[in-house]
$ cat my_file.cif   # mmCIF, C-alpha atoms and all ligand atoms
data_data
loop_
_atom_site.label_atom_id
_atom_site.label_comp_id
_atom_site.auth_asym_id
_atom_site.auth_seq_id
_atom_site.Cartn_x
_atom_site.Cartn_y
_atom_site.Cartn_z
CA MET A 1 -77.34 10.47 33.65
CA ILE A 2 -75.06 11.18 30.71
CA LYS A 3 -72.23 8.65 30.48
CA LYS A 4 -71.28 8.71 26.81
CA CYS A 5 -69.13 11.11 24.87
CA LEU A 6 -68.69 10.96 21.11
CA PHE A 7 -65.59 12.29 19.38
CA PRO A 8 -66.08 12.74 15.62
CA ALA A 9 -62.49 12.51 14.41
CA ALA A 10 -62.74 11.38 10.81
CA GLY A 11 -62.25 14.78 9.11
CA TYR A 12 -59.37 15.41 6.72
CA GLY A 13 -57.91 18.36 8.64
CA THR A 14 -57.06 20.18 5.42
CA ARG A 15 -56.34 23.47 7.21
CA PHE A 16 -53.38 21.83 8.86
CA LEU A 17 -51.73 20.22 5.85
CA PRO A 18 -49.10 18.92 5.39
CA ALA A 19 -48.92 17.98 9.12
CA THR A 20 -52.23 16.10 8.83
CA LYS A 21 -51.42 14.21 5.63
CA ALA A 22 -50.58 10.93 7.38
CA MET A 23 -51.42 11.85 10.97
CA PRO A 24 -54.84 12.58 12.50
CA LYS A 25 -55.38 16.25 13.36
CA GLU A 26 -56.58 15.08 16.78
CA MET A 27 -53.09 13.73 17.52
CA LEU A 28 -51.40 17.13 17.07
CA PRO A 29 -49.61 17.80 20.36
CA VAL A 30 -50.34 20.94 22.33
CA VAL A 31 -47.05 21.10 24.22
CA ASN A 32 -46.77 17.46 25.28
CA LYS A 33 -50.30 16.07 24.93
CA PRO A 34 -52.38 15.32 21.84
CA LEU A 35 -55.55 17.32 21.35
CA ILE A 36 -57.77 14.28 21.79
CA GLN A 37 -56.32 13.58 25.24
CA TYR A 38 -57.31 17.06 26.44
CA GLY A 39 -60.82 16.32 25.18
CA VAL A 40 -61.09 12.93 26.89
CA GLU A 41 -59.79 14.45 30.14
CA GLU A 42 -62.50 17.11 29.94
CA ALA A 43 -65.10 14.36 29.36
CA LEU A 44 -63.90 12.30 32.33
CA ASP A 45 -63.96 15.40 34.54
CA ALA A 46 -67.62 15.75 33.60
CA GLY A 47 -68.32 12.13 34.61
CA LEU A 48 -68.46 10.81 31.04
CA THR A 49 -66.60 7.53 31.07
CA GLU A 50 -67.82 5.81 27.91
CA ILE A 51 -65.76 7.29 25.11
CA SER A 52 -66.78 6.64 21.50
CA ILE A 53 -64.57 7.79 18.67
CA VAL A 54 -65.56 8.06 15.01
CA THR A 55 -62.39 7.49 13.03
CA GLY A 56 -61.54 7.08 9.38
CA ARG A 57 -58.69 6.02 7.15
CA GLY A 58 -55.26 6.97 8.49
CA LYS A 59 -56.50 7.44 12.06
CA ARG A 60 -55.11 4.32 13.69
CA ALA A 61 -52.80 6.37 15.93
CA LEU A 62 -55.89 7.39 17.91
CA GLU A 63 -56.59 3.79 18.93
CA ASP A 64 -52.95 3.15 19.75
CA HIS A 65 -52.83 6.24 21.95
CA PHE A 66 -55.65 4.94 24.15
CA ASP A 67 -53.96 1.62 24.77
CA ILE A 68 -51.13 0.32 26.92
CA SER A 69 -47.69 0.22 25.35
CA TYR A 70 -46.07 -2.59 27.35
CA GLU A 71 -42.66 -2.26 25.77
CA LEU A 72 -42.49 1.47 26.44
CA GLU A 73 -43.81 1.16 29.98
CA ASN A 74 -41.30 -1.55 30.74
CA GLN A 75 -38.53 0.67 29.38
CA ILE A 76 -39.31 3.60 31.69
CA LYS A 77 -40.36 1.56 34.75
CA GLY A 78 -38.64 2.79 37.91
CA THR A 79 -37.39 6.03 36.27
CA ASP A 80 -38.78 9.52 36.85
CA LYS A 81 -40.23 9.39 33.32
CA GLU A 82 -43.07 7.25 34.64
CA LYS A 83 -44.84 10.47 35.60
CA TYR A 84 -45.37 11.31 31.92
CA LEU A 85 -47.83 8.46 31.55
CA VAL A 86 -49.82 8.96 34.76
CA GLY A 87 -52.53 11.02 33.01
CA ILE A 88 -53.10 8.64 30.14
CA ARG A 89 -53.10 5.64 32.52
CA LYS A 90 -55.87 7.29 34.53
CA LEU A 91 -57.95 7.63 31.35
CA LEU A 92 -57.36 3.97 30.47
CA ASP A 93 -58.32 2.86 33.98
CA GLU A 94 -61.46 4.98 34.29
CA CYS A 95 -62.87 5.11 30.74
CA SER A 96 -63.90 2.59 28.13
CA PHE A 97 -63.08 3.29 24.48
CA SER A 98 -65.01 2.14 21.45
CA TYR A 99 -64.54 3.00 17.80
CA THR A 100 -66.40 3.05 14.56
CA ARG A 101 -65.26 4.17 11.14
CA GLN A 102 -66.83 6.74 8.87
CA THR A 103 -66.01 5.45 5.40
CA GLU A 104 -67.09 8.55 3.48
CA MET A 105 -66.47 11.99 4.99
CA LYS A 106 -69.92 13.47 4.45
CA GLY A 107 -69.77 16.07 7.20
CA LEU A 108 -70.07 16.46 10.95
CA GLY A 109 -73.79 15.54 11.03
CA HIS A 110 -73.02 12.34 9.14
CA ALA A 111 -70.08 11.57 11.46
CA ILE A 112 -72.39 11.88 14.48
CA LEU A 113 -74.95 9.60 12.81
CA THR A 114 -72.15 7.08 12.18
CA GLY A 115 -71.67 6.97 15.96
CA ARG A 116 -75.31 5.97 16.56
CA PRO A 117 -74.63 2.24 17.14
CA LEU A 118 -72.14 3.16 19.87
CA ILE A 119 -74.49 5.63 21.56
CA GLY A 120 -77.91 3.98 21.33
CA ASP A 121 -80.98 5.68 22.75
CA GLU A 122 -79.60 7.99 25.40
CA PRO A 123 -78.41 11.59 25.68
CA PHE A 124 -74.72 12.03 24.94
CA ALA A 125 -72.01 14.64 24.64
CA VAL A 126 -70.07 15.49 21.49
CA VAL A 127 -66.55 16.91 21.58
CA LEU A 128 -64.68 18.24 18.57
CA ALA A 129 -61.17 17.74 19.85
CA ASP A 130 -59.65 20.45 17.66
CA ASP A 131 -61.55 22.99 19.79
CA LEU A 132 -59.46 22.95 22.95
CA CYS A 133 -61.50 24.31 25.88
CA VAL A 134 -60.06 25.22 29.26
CA ASN A 135 -61.43 26.93 32.33
CA LEU A 136 -58.79 27.77 34.91
CA ASP A 137 -61.35 29.16 37.36
CA GLY A 138 -63.70 26.24 37.92
CA ASP A 139 -65.64 23.54 36.10
CA GLY A 140 -64.58 22.42 32.64
CA VAL A 141 -66.89 23.31 29.76
CA LEU A 142 -68.50 19.85 29.51
CA THR A 143 -69.08 19.79 33.27
CA GLN A 144 -70.87 23.13 32.99
CA MET A 145 -72.99 21.75 30.15
CA VAL A 146 -73.89 18.51 31.95
CA LYS A 147 -75.17 20.63 34.86
CA LEU A 148 -77.34 22.62 32.48
CA TYR A 149 -78.66 19.46 30.86
CA LYS A 150 -79.89 18.31 34.27
CA GLN A 151 -81.90 21.52 34.43
CA PHE A 152 -83.30 21.68 30.88
CA ARG A 153 -83.29 18.04 29.67
CA CYS A 154 -82.83 19.06 26.06
CA SER A 155 -79.92 19.52 23.64
CA ILE A 156 -77.38 22.09 24.79
CA ILE A 157 -74.86 23.69 22.43
CA ALA A 158 -71.85 25.72 23.50
CA ILE A 159 -71.59 29.18 21.98
CA GLN A 160 -69.13 32.03 22.03
CA GLU A 161 -69.30 35.65 20.92
CA VAL A 162 -67.08 36.10 17.88
CA ASP A 163 -65.91 39.05 15.82
CA PRO A 164 -68.88 39.79 13.47
CA GLN A 165 -66.46 39.55 10.51
CA GLU A 166 -65.71 35.91 11.42
CA THR A 167 -69.23 34.46 11.29
CA SER A 168 -68.55 32.59 8.03
CA LYS A 169 -66.33 30.14 9.95
CA TYR A 170 -69.13 28.97 12.27
CA GLY A 171 -72.71 27.94 12.74
CA VAL A 172 -74.47 31.02 14.15
CA ILE A 173 -77.61 31.06 16.29
CA ALA A 174 -80.55 33.37 16.80
CA GLY A 175 -82.49 33.00 20.01
CA GLU A 176 -84.20 34.45 23.02
CA MET A 177 -81.99 35.22 26.00
CA ILE A 178 -83.39 33.54 29.09
CA ARG A 179 -80.42 34.19 31.36
CA ASP A 180 -77.35 36.30 30.63
CA ASP A 181 -75.49 33.18 29.46
CA ILE A 182 -78.37 31.01 28.11
CA TYR A 183 -80.45 31.38 24.94
CA ARG A 184 -83.40 29.35 23.74
CA VAL A 185 -82.45 28.76 20.10
CA HIS A 186 -84.95 29.81 17.41
CA SER A 187 -82.81 29.39 14.34
CA MET A 188 -79.32 28.63 13.16
CA VAL A 189 -77.35 29.34 10.02
CA GLU A 190 -74.26 27.44 8.93
CA LYS A 191 -71.28 29.66 8.04
CA PRO A 192 -73.24 32.86 7.16
CA LYS A 193 -71.57 35.88 5.58
CA PRO A 194 -71.36 38.73 8.13
CA GLU A 195 -74.26 40.55 6.43
CA ASP A 196 -76.49 37.44 6.65
CA ALA A 197 -75.58 36.40 10.21
CA PRO A 198 -78.48 36.55 12.70
CA SER A 199 -76.05 37.33 15.57
CA ASN A 200 -72.39 36.97 16.48
CA LEU A 201 -73.09 33.97 18.72
CA ALA A 202 -71.12 31.12 17.19
CA ILE A 203 -71.43 27.41 17.89
CA ILE A 204 -68.19 25.80 19.03
CA GLY A 205 -67.19 22.15 19.38
CA ARG A 206 -69.12 21.06 22.48
CA TYR A 207 -72.66 19.68 22.39
CA ILE A 208 -75.02 17.67 24.52
CA LEU A 209 -77.56 15.99 22.27
CA THR A 210 -80.73 14.08 22.97
CA PRO A 211 -80.98 10.86 20.92
CA ASP A 212 -83.87 12.06 18.74
CA ILE A 213 -81.13 13.96 16.89
CA PHE A 214 -80.23 10.75 15.03
CA ASP A 215 -83.58 10.51 13.21
CA LEU A 216 -83.38 14.22 12.46
CA ILE A 217 -79.90 13.81 10.92
CA GLU A 218 -81.21 10.92 8.84
CA GLN A 219 -83.85 13.24 7.41
CA THR A 220 -81.28 15.98 6.73
CA GLU A 221 -80.20 16.60 3.14
CA PRO A 222 -76.64 17.71 2.40
CA GLY A 223 -76.37 21.45 3.07
CA LYS A 224 -73.56 23.99 2.90
CA GLY A 225 -70.48 22.55 1.17
CA GLY A 226 -72.42 19.40 0.18
CA GLU A 227 -72.01 18.07 3.75
CA ILE A 228 -74.66 16.78 6.15
CA GLN A 229 -74.57 19.56 8.73
CA ILE A 230 -75.38 19.03 12.38
CA THR A 231 -76.69 22.60 12.49
CA ASP A 232 -79.47 21.69 10.01
CA ALA A 233 -80.60 18.80 12.23
CA LEU A 234 -80.34 20.96 15.36
CA MET A 235 -82.45 23.60 13.66
CA LYS A 236 -85.25 21.05 13.25
CA GLN A 237 -84.82 19.99 16.87
CA ALA A 238 -85.05 23.63 17.97
CA GLN A 239 -88.24 24.15 15.95
CA ASN A 240 -89.94 20.93 17.11
CA GLY A 241 -88.79 20.96 20.70
CA CYS A 242 -86.02 22.68 22.50
CA VAL A 243 -82.33 23.50 22.02
CA MET A 244 -80.47 25.71 24.47
CA ALA A 245 -77.30 27.62 23.65
CA TYR A 246 -74.88 28.25 26.47
CA LYS A 247 -72.17 30.92 26.65
CA PHE A 248 -69.64 28.84 28.55
CA LYS A 249 -67.11 30.06 31.08
CA GLY A 250 -63.53 29.57 29.99
CA LYS A 251 -61.37 29.83 26.91
CA ARG A 252 -61.60 28.04 23.61
CA PHE A 253 -58.79 27.70 21.11
CA ASP A 254 -59.42 26.72 17.50
CA CYS A 255 -56.58 24.27 17.10
CA GLY A 256 -57.72 23.26 13.60
CA GLY A 257 -55.65 26.19 12.27
CA ALA A 258 -52.16 27.50 12.98
CA GLU A 259 -53.12 30.69 14.83
CA GLY A 260 -55.37 29.09 17.47
CA TYR A 261 -52.99 26.18 17.79
CA ILE A 262 -50.05 28.47 18.63
CA GLU A 263 -52.19 30.42 21.12
CA ALA A 264 -53.23 27.16 22.79
CA THR A 265 -49.63 25.99 22.90
CA ASN A 266 -48.47 29.18 24.61
CA PHE A 267 -51.40 29.08 27.03
CA CYS A 268 -50.88 25.43 28.00
CA PHE A 269 -47.12 25.89 28.28
CA GLU A 270 -47.58 28.75 30.76
CA ASN A 271 -50.50 27.34 32.73
CA PHE A 272 -49.96 23.58 32.69
CA TYR A 273 -46.48 22.63 31.58
CA LYS A 274 -44.47 25.18 33.56
CA THR A 275 -46.63 24.61 36.63
CA GLY A 276 -46.15 20.82 36.54
CA LYS A 277 -49.83 20.11 35.73
CA ALA A 278 -49.24 18.82 32.23
CA TYR A 279 -49.24 15.04 32.65
P1 LIG A 301 -63.94 20.40 10.43
O1 LIG A 301 -64.94 21.31 9.86
O2 LIG A 301 -62.90 20.98 11.35
O3 LIG A 301 -63.25 19.61 9.23
O4 LIG A 301 -64.72 19.24 11.17
P2 LIG A 301 -61.89 18.86 9.17
O5 LIG A 301 -61.92 17.99 7.97
O6 LIG A 301 -61.57 18.15 10.45
O7 LIG A 301 -60.83 20.03 9.06
P3 LIG A 301 -60.50 21.07 7.87
O8 LIG A 301 -61.56 22.12 7.94
O9 LIG A 301 -60.47 20.29 6.58
O10 LIG A 301 -59.14 21.60 8.23
C1 LIG A 301 -65.23 19.40 12.47
C2 LIG A 301 -65.11 18.10 13.20
O11 LIG A 301 -65.91 17.09 12.58
C3 LIG A 301 -65.16 15.96 12.23
C4 LIG A 301 -63.71 16.44 12.18
O12 LIG A 301 -62.82 15.37 12.45
C5 LIG A 301 -63.69 17.52 13.26
O13 LIG A 301 -63.52 16.99 14.54
N1 LIG A 301 -65.65 15.45 10.94
C6 LIG A 301 -65.93 16.30 9.93
C7 LIG A 301 -65.84 14.09 10.79
O14 LIG A 301 -65.59 13.28 11.71
N2 LIG A 301 -66.31 13.64 9.59
C8 LIG A 301 -66.60 14.47 8.56
O15 LIG A 301 -67.05 13.98 7.49
C9 LIG A 301 -66.39 15.84 8.74
#
$ encode --input "my_file.cif" --output "C-alpha cells"
Amino acid sequence: MIKKCLFPAAGYGTRFLPATKAMPKEMLPVVNKPLIQYGVEEALDAGLTEISIVTGRGKRALEDHFDISYELENQIKGTDKEKYLVGIRKLLDECSFSYTRQTEMKGLGHAILTGRPLIGDEPFAVVLADDLCVNLDGDGVLTQMVKLYKQFRCSIIAIQEVDPQETSKYGVIAGEMIRDDIYRVHSMVEKPKPEDAPSNLAIIGRYILTPDIFDLIEQTEPGKGGEIQITDALMKQAQNGCVMAYKFKGKRFDCGGAEGYIEATNFCFENFYKTGKAY
C-alpha cells in the first residue's frame, strides 16, 4: 500500500514576503505549529510514514524541525512544557524523513520530479503544506484519498468548488461525475481566466500519484508562467489512462496568502488550541 508522502517545499513563497525572505513558507506557524507539521500529521494519520521533502536554498529550518533538539529537551525535562513537544516526538518516532534539494525552482511538476529518487517506482501522496486541510468530522483528507486509491488504483487529485471569479488561481478540471463527490477527469487547465474555465472545480494541494507520472513530467515542456506544471503531466495521464478528482470532506485554507492564513489561525485557535488538542 501507499507508504510515501512527498512534500514539495522549495518554492519562494513570494506572496508572503517579507516573512518568507529568510524563512521557509512551510515553517510559518498556524497558532503554535508550523504548516509542515500539520501536513506530516495528516500523512501519518493516513498511514504514510515515509516522508520525503523537496527543499531548496534557505530551507534548512525544515530539517532542523524534524530532528531532536537535545539541549532544548534537556532544558524543559520534568516541567509541564514537555507536553509541547509530544506531537513532534510522535512524528519523529513513527516516520522517517528524507530530503532532496531542487536547485532551480522550475515549478511544482519539476519539484515532484526532483523527488523521484526518494519515491522510486510506487504510488505516493503529495502534500502542498501551504494548503492546510482539516476535517473535524472524520477522516483527514489524505486518509479519504488513500481509501479511494484502494478502489480506483489510479491517480487521485483533491478538488474543491471555488468562486468562478477565482479560477485563475488554480488548476481547473473538466470531467464526468461518477459519484456526487468523484469525477473521472477528461481535461485540466492551469490558472484559466473565468471565461476560459471548464468548471469551477479547482485542484488543491493533495494528490495521490501513480509512478508513471515521473516519465510524463519528464516529457512535459514548461507551461504557464514558464514552469513545468503538474497539471500538464496529469492531463496526459488522464488522457492515456485514468485520473480521478475527489471533492474531499473538510476544510482547506490557502495559507500561502494572508487571508487564508488568518482564517486558518482563527480556526485552529478555536478548534485545537483552546480545546487542548494543539500539541
Ligand atoms: P506555489 O505556487 O504556492 O509557489 O507552489 P510558491 O513559490 O511556494 O509561492 P508564491 O506563489 O511565490 O507565494 C506550490 C507548491 O509547490 C512548491 C512550493 O513550495 C509549494 O509547496 N514548489 C513550487 C516547489 O517546491 N518548487 C517550485 O519550483 C515551485
$ closest_residue --input "my_file.cif" --among "A:Lys274, A:Lys21, A:Lys150, A:Lys224" --to "Pro123 in chain A" --atoms "all atoms listed in the file"
A:Lys150
$ residues_near_ligand --input "my_file.cif" --ligand "ligand LIG 301 (chain A)" --cutoff "10 Å" --atoms "all atoms listed in the file" --output "mmCIF file with C-alpha atoms, in the frame of the given file"
data_model
loop_
_atom_site.group_PDB
_atom_site.id
_atom_site.type_symbol
_atom_site.label_atom_id
_atom_site.label_comp_id
_atom_site.auth_asym_id
_atom_site.auth_seq_id
_atom_site.Cartn_x
_atom_site.Cartn_y
_atom_site.Cartn_z
ATOM 1 C CA PHE A 7 -65.590 12.290 19.380
ATOM 2 C CA PRO A 8 -66.080 12.740 15.620
ATOM 3 C CA ALA A 9 -62.490 12.510 14.410
ATOM 4 C CA ALA A 10 -62.740 11.380 10.810
ATOM 5 C CA GLY A 11 -62.250 14.780 9.110
ATOM 6 C CA TYR A 12 -59.370 15.410 6.720
ATOM 7 C CA GLY A 13 -57.910 18.360 8.640
ATOM 8 C CA THR A 14 -57.060 20.180 5.420
ATOM 9 C CA ARG A 15 -56.340 23.470 7.210
ATOM 10 C CA PHE A 16 -53.380 21.830 8.860
ATOM 11 C CA LEU A 17 -51.730 20.220 5.850
ATOM 12 C CA THR A 20 -52.230 16.100 8.830
ATOM 13 C CA PRO A 24 -54.840 12.580 12.500
ATOM 14 C CA LYS A 25 -55.380 16.250 13.360
ATOM 15 C CA GLU A 26 -56.580 15.080 16.780
ATOM 16 C CA ILE A 36 -57.770 14.280 21.790
ATOM 17 C CA ILE A 53 -64.570 7.790 18.670
ATOM 18 C CA VAL A 54 -65.560 8.060 15.010
ATOM 19 C CA THR A 55 -62.390 7.490 13.030
ATOM 20 C CA GLY A 56 -61.540 7.080 9.380
ATOM 21 C CA ARG A 101 -65.260 4.170 11.140
ATOM 22 C CA GLN A 102 -66.830 6.740 8.870
ATOM 23 C CA THR A 103 -66.010 5.450 5.400
ATOM 24 C CA GLU A 104 -67.090 8.550 3.480
ATOM 25 C CA MET A 105 -66.470 11.990 4.990
ATOM 26 C CA LYS A 106 -69.920 13.470 4.450
ATOM 27 C CA GLY A 107 -69.770 16.070 7.200
ATOM 28 C CA LEU A 108 -70.070 16.460 10.950
ATOM 29 C CA GLY A 109 -73.790 15.540 11.030
ATOM 30 C CA HIS A 110 -73.020 12.340 9.140
ATOM 31 C CA ALA A 111 -70.080 11.570 11.460
ATOM 32 C CA ILE A 112 -72.390 11.880 14.480
ATOM 33 C CA THR A 114 -72.150 7.080 12.180
ATOM 34 C CA GLY A 115 -71.670 6.970 15.960
ATOM 35 C CA VAL A 126 -70.070 15.490 21.490
ATOM 36 C CA VAL A 127 -66.550 16.910 21.580
ATOM 37 C CA LEU A 128 -64.680 18.240 18.570
ATOM 38 C CA ALA A 129 -61.170 17.740 19.850
ATOM 39 C CA ASP A 130 -59.650 20.450 17.660
ATOM 40 C CA ASP A 131 -61.550 22.990 19.790
ATOM 41 C CA LYS A 169 -66.330 30.140 9.950
ATOM 42 C CA TYR A 170 -69.130 28.970 12.270
ATOM 43 C CA ILE A 204 -68.190 25.800 19.030
ATOM 44 C CA GLY A 205 -67.190 22.150 19.380
ATOM 45 C CA GLU A 227 -72.010 18.070 3.750
ATOM 46 C CA ILE A 228 -74.660 16.780 6.150
ATOM 47 C CA GLN A 229 -74.570 19.560 8.730
ATOM 48 C CA ILE A 230 -75.380 19.030 12.380
ATOM 49 C CA ASP A 254 -59.420 26.720 17.500
ATOM 50 C CA CYS A 255 -56.580 24.270 17.100
ATOM 51 C CA GLY A 256 -57.720 23.260 13.600
ATOM 52 C CA GLY A 257 -55.650 26.190 12.270
#
$ atom_distance --input "my_file.cif" --atom1 "CA of Ile262 in chain A" --atom2 "CA of Ile173 in chain A"
27.8 Å
$ closest_residue --input "my_file.cif" --among "A:Met23, A:Tyr70, A:Gln239, A:Pro29" --to "Arg57 in chain A" --atoms "all atoms listed in the file"
A:Met23
$ atom_distance --input "my_file.cif" --atom1 "CA of Thr143 in chain A" --atom2 "CA of Val30 in chain A"
21.7 Å
$ closest_residue --input "my_file.cif" --among "A:Thr167, A:Gln75, A:Ser52, A:Ser187" --to "Ser98 in chain A" --atoms "all atoms listed in the file"
A:Ser52
$ residues_around --input "my_file.cif" --residues "Pro164 in chain A" --least-positions-apart "4" --cutoff "8 Å" --atoms "only C-alpha atoms" --output "ChimeraX atom specification"
/A:194,199-200
$ decode --input "my_file.cif" --residues "range 196-278 of chain A" --atoms "C-alpha atoms" --output "compact mmCIF listing (two decimals), in the first residue's frame"
# COMPACT_ATOMS: atom_id res chain seq x y z
CA ASP A 196 -11.99 30.08 -20.20
CA ALA A 197 -12.50 27.81 -17.18
CA PRO A 198 -14.14 24.44 -17.97
CA SER A 199 -15.74 24.34 -14.48
CA ASN A 200 -15.30 25.80 -11.01
CA LEU A 201 -13.72 22.59 -9.70
CA ALA A 202 -10.25 23.61 -8.59
CA ILE A 203 -7.30 21.37 -7.77
CA ILE A 204 -5.91 21.88 -4.28
CA GLY A 205 -2.69 20.70 -2.66
CA ARG A 206 -3.35 16.99 -2.11
CA TYR A 207 -2.59 14.31 -4.70
CA ILE A 208 -2.07 10.59 -4.91
CA LEU A 209 0.06 9.83 -7.95
CA THR A 210 1.00 6.62 -9.68
CA PRO A 211 4.72 6.46 -10.55
CA ASP A 212 4.21 6.67 -14.32
CA ILE A 213 3.71 10.39 -13.62
CA PHE A 214 7.50 10.82 -13.48
CA ASP A 215 8.04 9.89 -17.15
CA LEU A 216 5.11 12.10 -18.08
CA ILE A 217 6.63 15.06 -16.22
CA GLU A 218 9.93 14.43 -17.99
CA GLN A 219 8.12 14.77 -21.31
CA THR A 220 6.35 17.96 -20.19
CA GLU A 221 7.53 21.27 -21.61
CA PRO A 222 7.37 24.42 -19.46
CA GLY A 223 3.79 25.72 -19.50
CA LYS A 224 2.01 28.63 -17.84
CA GLY A 225 4.48 31.06 -16.23
CA GLY A 226 7.44 29.19 -17.79
CA GLU A 227 7.11 26.48 -15.10
CA ILE A 228 6.83 22.71 -15.50
CA GLN A 229 3.24 22.23 -14.37
CA ILE A 230 1.99 19.07 -12.71
CA THR A 231 -1.41 19.72 -14.30
CA ASP A 232 0.10 19.30 -17.79
CA ALA A 233 1.54 15.90 -16.85
CA LEU A 234 -1.72 14.88 -15.13
CA MET A 235 -3.62 15.86 -18.25
CA LYS A 236 -1.57 13.34 -20.26
CA GLN A 237 -2.16 10.73 -17.56
CA ALA A 238 -5.90 11.41 -17.71
CA GLN A 239 -5.93 11.04 -21.50
CA ASN A 240 -3.81 7.85 -21.58
CA GLY A 241 -5.25 6.17 -18.52
CA CYS A 242 -7.18 7.38 -15.58
CA VAL A 243 -7.18 10.29 -13.13
CA MET A 244 -9.95 10.74 -10.58
CA ALA A 245 -10.84 14.03 -8.93
CA TYR A 246 -12.29 13.89 -5.46
CA LYS A 247 -14.36 16.55 -3.69
CA PHE A 248 -12.99 15.93 -0.22
CA LYS A 249 -14.83 16.30 3.07
CA GLY A 250 -13.41 19.00 5.29
CA LYS A 251 -11.99 22.49 5.08
CA ARG A 252 -8.98 23.80 3.23
CA PHE A 253 -7.19 27.03 3.98
CA ASP A 254 -4.83 28.64 1.49
CA CYS A 255 -2.08 29.59 3.89
CA GLY A 256 0.19 30.81 1.08
CA GLY A 257 -1.53 34.20 1.39
CA ALA A 258 -2.52 36.41 4.31
CA GLU A 259 -6.30 35.96 4.13
CA GLY A 260 -6.35 32.14 4.23
CA TYR A 261 -3.57 32.13 6.78
CA ILE A 262 -5.56 34.33 9.19
CA GLU A 263 -8.69 32.20 8.67
CA ALA A 264 -6.67 29.06 9.43
CA THR A 265 -5.17 30.68 12.50
CA ASN A 266 -8.59 31.60 13.89
CA PHE A 267 -9.97 28.15 13.07
CA CYS A 268 -7.08 26.27 14.69
CA PHE A 269 -7.09 28.56 17.71
CA GLU A 270 -10.78 27.84 18.35
CA ASN A 271 -10.80 24.15 17.49
CA PHE A 272 -7.37 22.90 18.54
CA TYR A 273 -5.55 25.36 20.76
CA LYS A 274 -8.40 26.34 23.07
CA THR A 275 -9.54 22.73 23.33
CA GLY A 276 -6.07 21.47 24.30
CA LYS A 277 -5.60 19.46 21.07
CA ALA A 278 -2.84 21.61 19.65
